[in-house]
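This report refers to the structure that appears directly beneath it.
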Amino acid sequence: MTAKEPEITDHFGYEIIRDYVLSDVLGQHESDVLYWAGKSLARKFPLFSLDEAADFFVEAGFGELALEKAGKDETVFVLRPLKVESRCFKLEAGFLAQQKQKIGGFLTEAYEEVSPKKKIVRITLKTDLREQV
């Protein structure tokens, strides 16, 4: 009989940094810093359309992203991350908000709603059509 090797995923290092290191380093400022980090990340990896966001999310290890609803001033995405429990999704929200703002030309902010039972995160982008950037 041989000992069973512990299962290590390709995302193990990412999860350690994301779930433990960042929250320890950032403390009570975690959600604010991650939101603005997501916006900064979007500036470094600009998309030509929000249709490209799903591919980017998979490549970045954020999870599967799908457009749920697109309106004039509100866009809703559903994210199916590898892990939902005990994780802040402000990085992803900030990233999408900045991409939408750059592509559309209007001030856009985002908020997320985590549904642990469904294992999804709903990210809502709100665009202020009176505030051109």
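Order determines the names: the first chain of the structure tokens is A, the second B, and so forth; residues in each chain are numbered 1 upward, and ligands are numbered 1 upward as they are shown.
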Secondary structure check, helix (DSSP H, G or I) residues of segment 1-64 of chain A, as a CSV table (one decimal) with all heavy atoms, in the first residue's frame:
chain,number,residue,atom,x,y,z
A,12,PHE,N,-2.7,26.6,-7.0
A,12,PHE,CA,-2.4,26.5,-5.6
A,12,PHE,C,-1.7,27.8,-5.2
A,12,PHE,O,-2.0,28.4,-4.2
A,12,PHE,CB,-1.6,25.3,-5.3
A,12,PHE,CG,-1.3,25.1,-3.8
A,12,PHE,CD1,-2.4,25.0,-2.9
A,12,PHE,CD2,0.0,25.1,-3.4
A,12,PHE,CE1,-2.1,24.9,-1.6
A,12,PHE,CE2,0.3,25.0,-2.0
A,12,PHE,CZ,-0.8,24.8,-1.1
A,13,GLY,N,-0.6,28.2,-5.9
A,13,GLY,CA,0.2,29.3,-5.6
A,13,GLY,C,-0.6,30.6,-5.6
A,13,GLY,O,-0.6,31.5,-4.8
A,14,TYR,N,-1.5,30.7,-6.7
A,14,TYR,CA,-2.4,31.9,-6.8
A,14,TYR,C,-3.3,32.0,-5.6
A,14,TYR,O,-3.5,33.0,-5.1
A,14,TYR,CB,-3.1,31.7,-8.1
A,14,TYR,CG,-4.3,32.7,-8.3
A,14,TYR,CD1,-4.0,34.0,-8.7
A,14,TYR,CD2,-5.6,32.3,-8.1
A,14,TYR,CE1,-5.0,34.9,-8.9
A,14,TYR,CE2,-6.6,33.2,-8.3
A,14,TYR,CZ,-6.3,34.5,-8.7
A,14,TYR,OH,-7.4,35.4,-8.8
A,15,GLU,N,-3.9,30.8,-5.2
A,15,GLU,CA,-4.8,30.8,-4.1
A,15,GLU,C,-4.2,31.2,-2.8
A,15,GLU,O,-4.7,31.9,-2.0
A,15,GLU,CB,-5.5,29.5,-4.0
A,15,GLU,CG,-6.5,29.2,-5.1
A,15,GLU,CD,-7.2,27.9,-5.0
A,15,GLU,OE1,-7.1,27.2,-4.0
A,15,GLU,OE2,-7.9,27.5,-6.0
A,16,ILE,N,-2.9,30.8,-2.6
A,16,ILE,CA,-2.2,31.1,-1.4
A,16,ILE,C,-2.0,32.7,-1.3
A,16,ILE,O,-2.3,33.3,-0.3
A,16,ILE,CB,-0.9,30.4,-1.3
A,16,ILE,CG1,-1.0,29.0,-0.9
A,16,ILE,CG2,0.0,31.1,-0.2
A,16,ILE,CD1,0.2,28.1,-0.9
A,17,ILE,N,-1.6,33.2,-2.4
A,17,ILE,CA,-1.3,34.7,-2.4
A,17,ILE,C,-2.7,35.4,-2.3
A,17,ILE,O,-2.8,36.3,-1.5
A,17,ILE,CB,-0.6,35.1,-3.7
A,17,ILE,CG1,0.8,34.6,-3.7
A,17,ILE,CG2,-0.6,36.6,-3.9
A,17,ILE,CD1,1.6,34.7,-4.9
A,18,ARG,N,-3.7,35.0,-3.1
A,18,ARG,CA,-4.9,35.7,-3.1
A,18,ARG,C,-5.7,35.6,-1.8
A,18,ARG,O,-6.3,36.6,-1.3
A,18,ARG,CB,-5.8,35.1,-4.2
A,18,ARG,CG,-7.1,35.7,-4.4
A,18,ARG,CD,-7.0,37.1,-5.1
A,18,ARG,NE,-8.3,37.8,-5.1
A,18,ARG,CZ,-9.0,37.8,-6.2
A,18,ARG,NH1,-8.6,37.2,-7.3
A,18,ARG,NH2,-10.2,38.4,-6.2
A,19,ASP,N,-5.7,34.4,-1.2
A,19,ASP,CA,-6.6,34.2,0.0
A,19,ASP,C,-5.9,34.4,1.3
A,19,ASP,O,-6.6,34.7,2.3
A,19,ASP,CB,-7.1,32.7,0.0
A,19,ASP,CG,-8.0,32.5,-1.2
A,19,ASP,OD1,-8.6,33.4,-1.8
A,19,ASP,OD2,-8.1,31.3,-1.6
A,20,TYR,N,-4.6,34.3,1.4
A,20,TYR,CA,-3.9,34.5,2.6
A,20,TYR,C,-2.9,35.6,2.7
A,20,TYR,O,-3.0,36.5,3.6
A,20,TYR,CB,-3.2,33.2,3.0
A,20,TYR,CG,-4.1,32.0,3.1
A,20,TYR,CD1,-4.3,31.1,2.0
A,20,TYR,CD2,-4.9,31.8,4.2
A,20,TYR,CE1,-5.2,30.1,2.1
A,20,TYR,CE2,-5.8,30.8,4.3
A,20,TYR,CZ,-5.9,29.9,3.2
A,20,TYR,OH,-6.8,28.9,3.3
A,21,VAL,N,-2.0,35.7,1.7
A,21,VAL,CA,-1.0,36.8,1.8
A,21,VAL,C,-1.6,38.1,1.7
A,21,VAL,O,-1.4,39.0,2.5
A,21,VAL,CB,0.1,36.5,0.7
A,21,VAL,CG1,1.1,37.7,0.7
A,21,VAL,CG2,0.8,35.2,1.0
A,22,LEU,N,-2.4,38.3,0.6
A,22,LEU,CA,-3.0,39.7,0.4
A,22,LEU,C,-3.9,40.1,1.5
A,22,LEU,O,-3.8,41.3,2.0
A,22,LEU,CB,-3.8,39.7,-0.9
A,22,LEU,CG,-3.0,39.8,-2.2
A,22,LEU,CD1,-3.9,39.8,-3.4
A,22,LEU,CD2,-2.1,41.0,-2.2
A,23,SER,N,-4.7,39.2,2.0
A,23,SER,CA,-5.6,39.7,3.1
A,23,SER,C,-4.8,40.0,4.4
A,23,SER,O,-5.1,40.9,5.1
A,23,SER,CB,-6.7,38.6,3.4
A,23,SER,OG,-6.1,37.4,3.9
A,24,ASP,N,-3.7,39.3,4.6
A,24,ASP,CA,-2.8,39.6,5.8
A,24,ASP,C,-2.1,40.9,5.6
A,24,ASP,O,-2.1,41.8,6.5
A,24,ASP,CB,-1.8,38.5,6.0
A,24,ASP,CG,-2.3,37.3,6.7
A,24,ASP,OD1,-3.5,37.3,7.1
A,24,ASP,OD2,-1.6,36.3,6.7
A,25,VAL,N,-1.6,41.2,4.4
A,25,VAL,CA,-0.8,42.4,4.2
A,25,VAL,C,-1.8,43.6,4.1
A,25,VAL,O,-1.4,44.7,4.7
A,25,VAL,CB,-0.1,42.3,2.8
A,25,VAL,CG1,0.5,43.6,2.4
A,25,VAL,CG2,1.0,41.2,2.9
A,26,LEU,N,-2.9,43.5,3.5
A,26,LEU,CA,-3.8,44.6,3.3
A,26,LEU,C,-4.8,44.9,4.5
A,26,LEU,O,-5.2,46.0,4.6
A,26,LEU,CB,-4.6,44.4,2.0
A,26,LEU,CG,-3.8,44.3,0.7
A,26,LEU,CD1,-4.7,44.0,-0.5
A,26,LEU,CD2,-3.0,45.6,0.5
A,27,GLY,N,-5.0,43.8,5.2
A,27,GLY,CA,-5.9,44.0,6.4
A,27,GLY,C,-7.2,44.6,6.1
A,27,GLY,O,-7.9,44.1,5.1
A,28,GLN,N,-7.6,45.6,6.8
A,28,GLN,CA,-8.9,46.2,6.7
A,28,GLN,C,-9.1,46.9,5.4
A,28,GLN,O,-10.2,47.3,5.0
A,28,GLN,CB,-9.3,47.1,7.9
A,28,GLN,CG,-8.4,48.3,7.9
A,28,GLN,CD,-8.7,49.2,9.1
A,28,GLN,OE1,-9.3,48.7,10.1
A,28,GLN,NE2,-8.2,50.4,9.1
A,29,HIS,N,-8.0,47.2,4.7
A,29,HIS,CA,-8.1,47.9,3.4
A,29,HIS,C,-8.1,47.0,2.2
A,29,HIS,O,-8.1,47.5,1.1
A,29,HIS,CB,-6.9,48.8,3.3
A,29,HIS,CG,-6.7,49.8,4.5
A,29,HIS,ND1,-7.6,50.8,4.7
A,29,HIS,CD2,-5.8,49.8,5.5
A,29,HIS,CE1,-7.2,51.5,5.8
A,29,HIS,NE2,-6.2,50.9,6.3
A,30,GLU,N,-8.2,45.7,2.4
A,30,GLU,CA,-8.2,44.7,1.3
A,30,GLU,C,-9.1,45.0,0.2
A,30,GLU,O,-8.7,45.1,-1.0
A,30,GLU,CB,-8.4,43.3,1.9
A,30,GLU,CG,-8.4,42.3,0.8
A,30,GLU,CD,-8.8,40.9,1.3
A,30,GLU,OE1,-9.3,40.7,2.4
A,30,GLU,OE2,-8.5,39.9,0.5
A,31,SER,N,-10.4,45.2,0.5
A,31,SER,CA,-11.4,45.4,-0.6
A,31,SER,C,-11.1,46.7,-1.3
A,31,SER,O,-11.2,46.7,-2.6
A,31,SER,CB,-12.8,45.4,0.0
A,31,SER,OG,-13.0,46.3,1.0
A,32,ASP,N,-10.8,47.8,-0.7
A,32,ASP,CA,-10.5,49.1,-1.4
A,32,ASP,C,-9.3,48.9,-2.3
A,32,ASP,O,-9.3,49.4,-3.4
A,32,ASP,CB,-10.2,50.2,-0.4
A,32,ASP,CG,-11.5,50.6,0.4
A,32,ASP,OD1,-12.6,50.4,-0.2
A,32,ASP,OD2,-11.4,51.1,1.5
A,33,VAL,N,-8.2,48.4,-1.7
A,33,VAL,CA,-7.0,48.2,-2.5
A,33,VAL,C,-7.2,47.3,-3.7
A,33,VAL,O,-6.7,47.6,-4.8
A,33,VAL,CB,-5.8,47.8,-1.6
A,33,VAL,CG1,-4.6,47.4,-2.4
A,33,VAL,CG2,-5.5,48.8,-0.6
A,34,LEU,N,-7.9,46.2,-3.5
A,34,LEU,CA,-8.1,45.2,-4.6
A,34,LEU,C,-8.9,45.8,-5.7
A,34,LEU,O,-8.7,45.6,-6.9
A,34,LEU,CB,-8.7,43.9,-4.1
A,34,LEU,CG,-7.7,43.0,-3.3
A,34,LEU,CD1,-8.5,41.8,-2.8
A,34,LEU,CD2,-6.5,42.6,-4.1
A,35,TYR,N,-9.9,46.6,-5.3
A,35,TYR,CA,-10.8,47.3,-6.3
A,35,TYR,C,-9.9,48.2,-7.2
A,35,TYR,O,-10.0,48.1,-8.5
A,35,TYR,CB,-11.9,48.1,-5.7
A,35,TYR,CG,-12.9,48.7,-6.6
A,35,TYR,CD1,-13.9,47.9,-7.2
A,35,TYR,CD2,-12.8,50.0,-7.0
A,35,TYR,CE1,-14.8,48.4,-8.1
A,35,TYR,CE2,-13.7,50.5,-7.9
A,35,TYR,CZ,-14.7,49.7,-8.5
A,35,TYR,OH,-15.6,50.3,-9.4
A,36,TRP,N,-9.1,49.0,-6.6
A,36,TRP,CA,-8.2,50.0,-7.4
A,36,TRP,C,-7.1,49.2,-8.1
A,36,TRP,O,-6.7,49.6,-9.2
A,36,TRP,CB,-7.7,51.1,-6.5
A,36,TRP,CG,-8.9,51.9,-6.1
A,36,TRP,CD1,-9.4,52.0,-4.8
A,36,TRP,CD2,-9.7,52.7,-6.9
A,36,TRP,NE1,-10.5,52.8,-4.8
A,36,TRP,CE2,-10.7,53.3,-6.1
A,36,TRP,CE3,-9.7,53.0,-8.3
A,36,TRP,CZ2,-11.7,54.1,-6.6
A,36,TRP,CZ3,-10.7,53.9,-8.8
A,36,TRP,CH2,-11.7,54.4,-7.9
A,37,ALA,N,-6.7,48.1,-7.5
A,37,ALA,CA,-5.7,47.2,-8.2
A,37,ALA,C,-6.3,46.6,-9.5
A,37,ALA,O,-5.7,46.5,-10.5
A,37,ALA,CB,-5.2,46.1,-7.3
A,38,GLY,N,-7.6,46.3,-9.4
A,38,GLY,CA,-8.3,45.8,-10.6
A,38,GLY,C,-8.4,46.8,-11.7
A,38,GLY,O,-8.2,46.5,-12.9
A,39,LYS,N,-8.7,48.0,-11.3
A,39,LYS,CA,-8.7,49.1,-12.3
A,39,LYS,C,-7.4,49.4,-12.9
A,39,LYS,O,-7.3,49.5,-14.1
A,39,LYS,CB,-9.2,50.4,-11.6
A,39,LYS,CG,-10.7,50.4,-11.3
A,39,LYS,CD,-11.2,51.7,-10.8
A,39,LYS,CE,-12.7,51.9,-11.0
A,39,LYS,NZ,-13.0,52.7,-12.1
A,40,SER,N,-6.3,49.3,-12.1
A,40,SER,CA,-5.0,49.5,-12.6
A,40,SER,C,-4.6,48.3,-13.5
A,40,SER,O,-4.0,48.5,-14.6
A,40,SER,CB,-4.0,49.5,-11.4
A,40,SER,OG,-2.7,49.6,-11.9
A,41,LEU,N,-5.0,47.1,-13.2
A,41,LEU,CA,-4.7,45.9,-14.0
A,41,LEU,C,-5.4,46.1,-15.4
A,41,LEU,O,-4.8,45.8,-16.4
A,41,LEU,CB,-5.2,44.7,-13.3
A,41,LEU,CG,-4.9,43.4,-13.9
A,41,LEU,CD1,-3.4,43.1,-13.9
A,41,LEU,CD2,-5.6,42.3,-13.1
A,42,ALA,N,-6.6,46.7,-15.4
A,42,ALA,CA,-7.4,46.9,-16.6
A,42,ALA,C,-6.6,47.9,-17.5
A,42,ALA,O,-6.7,47.7,-18.8
A,42,ALA,CB,-8.8,47.4,-16.3
A,43,ARG,N,-6.0,48.8,-16.9
A,43,ARG,CA,-5.2,49.8,-17.7
A,43,ARG,C,-4.0,49.2,-18.4
A,43,ARG,O,-3.5,49.6,-19.4
A,43,ARG,CB,-4.8,51.0,-16.9
A,43,ARG,CG,-5.9,51.9,-16.5
A,43,ARG,CD,-5.5,53.1,-15.7
A,43,ARG,NE,-6.6,53.7,-15.0
A,43,ARG,CZ,-6.8,53.5,-13.7
A,43,ARG,NH1,-6.0,52.7,-12.9
A,43,ARG,NH2,-7.9,54.0,-13.1
A,44,LYS,N,-3.4,48.2,-17.7
A,44,LYS,CA,-2.2,47.5,-18.2
A,44,LYS,C,-2.6,46.4,-19.2
A,44,LYS,O,-1.8,46.0,-20.1
A,44,LYS,CB,-1.5,46.8,-17.1
A,44,LYS,CG,-0.8,47.9,-16.2
A,44,LYS,CD,-0.1,47.2,-15.0
A,44,LYS,CE,0.6,48.2,-14.2
A,44,LYS,NZ,-0.1,48.8,-13.1
A,50,LEU,N,-15.9,44.3,-24.3
A,50,LEU,CA,-16.2,43.5,-23.1
A,50,LEU,C,-16.3,42.0,-23.4
A,50,LEU,O,-16.3,41.1,-22.5
A,50,LEU,CB,-17.4,44.0,-22.3
A,50,LEU,CG,-17.1,45.3,-21.5
A,50,LEU,CD1,-18.4,45.7,-20.8
A,50,LEU,CD2,-16.0,45.1,-20.5
A,51,ASP,N,-16.5,41.7,-24.7
A,51,ASP,CA,-16.6,40.3,-25.1
A,51,ASP,C,-15.3,39.5,-24.9
A,51,ASP,O,-15.3,38.3,-24.7
A,51,ASP,CB,-17.0,40.2,-26.6
A,51,ASP,CG,-18.3,40.8,-27.0
A,51,ASP,OD1,-19.2,40.8,-26.1
A,51,ASP,OD2,-18.5,41.2,-28.1
A,52,GLU,N,-14.2,40.3,-24.8
A,52,GLU,CA,-12.9,39.6,-24.6
A,52,GLU,C,-12.7,39.3,-23.1
A,52,GLU,O,-11.7,38.6,-22.8
A,52,GLU,CB,-11.8,40.6,-25.1
A,52,GLU,CG,-11.8,40.9,-26.5
A,52,GLU,CD,-10.8,41.9,-26.9
A,52,GLU,OE1,-9.8,42.2,-26.1
A,52,GLU,OE2,-10.9,42.4,-28.0
A,53,ALA,N,-13.5,39.9,-22.2
A,53,ALA,CA,-13.3,39.7,-20.8
A,53,ALA,C,-13.4,38.3,-20.3
A,53,ALA,O,-12.6,37.8,-19.5
A,53,ALA,CB,-14.3,40.5,-20.0
A,54,ALA,N,-14.3,37.5,-20.9
A,54,ALA,CA,-14.4,36.1,-20.5
A,54,ALA,C,-13.1,35.3,-20.7
A,54,ALA,O,-12.6,34.5,-19.9
A,54,ALA,CB,-15.5,35.4,-21.3
A,55,ASP,N,-12.5,35.5,-21.9
A,55,ASP,CA,-11.2,34.8,-22.2
A,55,ASP,C,-10.1,35.3,-21.2
A,55,ASP,O,-9.3,34.5,-20.8
A,55,ASP,CB,-10.7,35.1,-23.6
A,55,ASP,CG,-11.6,34.4,-24.6
A,55,ASP,OD1,-12.2,33.3,-24.3
A,55,ASP,OD2,-11.7,34.8,-25.8
A,56,PHE,N,-10.1,36.6,-21.0
A,56,PHE,CA,-9.1,37.1,-20.0
A,56,PHE,C,-9.2,36.5,-18.6
A,56,PHE,O,-8.3,36.1,-18.0
A,56,PHE,CB,-9.2,38.7,-19.9
A,56,PHE,CG,-8.1,39.3,-19.0
A,56,PHE,CD1,-6.9,39.6,-19.5
A,56,PHE,CD2,-8.4,39.4,-17.7
A,56,PHE,CE1,-5.9,40.1,-18.7
A,56,PHE,CE2,-7.4,39.9,-16.8
A,56,PHE,CZ,-6.2,40.3,-17.3
A,57,PHE,N,-10.5,36.4,-18.2
A,57,PHE,CA,-10.7,35.9,-16.9
A,57,PHE,C,-10.2,34.4,-16.7
A,57,PHE,O,-9.7,34.0,-15.7
A,57,PHE,CB,-12.2,36.0,-16.5
A,57,PHE,CG,-12.6,37.3,-15.8
A,57,PHE,CD1,-12.2,38.5,-16.4
A,57,PHE,CD2,-13.2,37.2,-14.6
A,57,PHE,CE1,-12.5,39.7,-15.7
A,57,PHE,CE2,-13.6,38.4,-13.9
A,57,PHE,CZ,-13.2,39.6,-14.5
A,58,VAL,N,-10.5,33.6,-17.8
A,58,VAL,CA,-10.0,32.3,-17.8
A,58,VAL,C,-8.5,32.2,-17.7
A,58,VAL,O,-7.9,31.5,-16.9
A,58,VAL,CB,-10.5,31.5,-19.0
A,58,VAL,CG1,-9.8,30.1,-19.1
A,58,VAL,CG2,-12.0,31.3,-18.9
A,59,GLU,N,-7.8,33.0,-18.6
A,59,GLU,CA,-6.4,33.0,-18.7
A,59,GLU,C,-5.7,33.5,-17.3
A,59,GLU,O,-4.7,33.0,-16.9
A,59,GLU,CB,-5.9,33.9,-19.8
A,59,GLU,CG,-6.1,33.3,-21.2
A,59,GLU,CD,-5.5,34.1,-22.3
A,59,GLU,OE1,-4.3,34.6,-22.1
A,59,GLU,OE2,-6.2,34.3,-23.3
A,60,ALA,N,-6.4,34.5,-16.7
A,60,ALA,CA,-5.9,35.0,-15.4
A,60,ALA,C,-6.2,34.1,-14.2
A,60,ALA,O,-5.7,34.4,-13.2
A,60,ALA,CB,-6.5,36.4,-15.2
Taking only C-alpha atoms into account, which of A:Phe95, A:Phe62, A:Phe106, A:Phe77 comes nearest Phe45 of chain A?
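Among the listed residues, the smallest separation from Phe45 of chain A belongs to A:Phe95.
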Would you compute the distance between atom CA of Gly61 of chain A and atom CA of Pro81 of chain A? Give it in Å to one decimal.
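Interatomic distance here is 8.2 Å.
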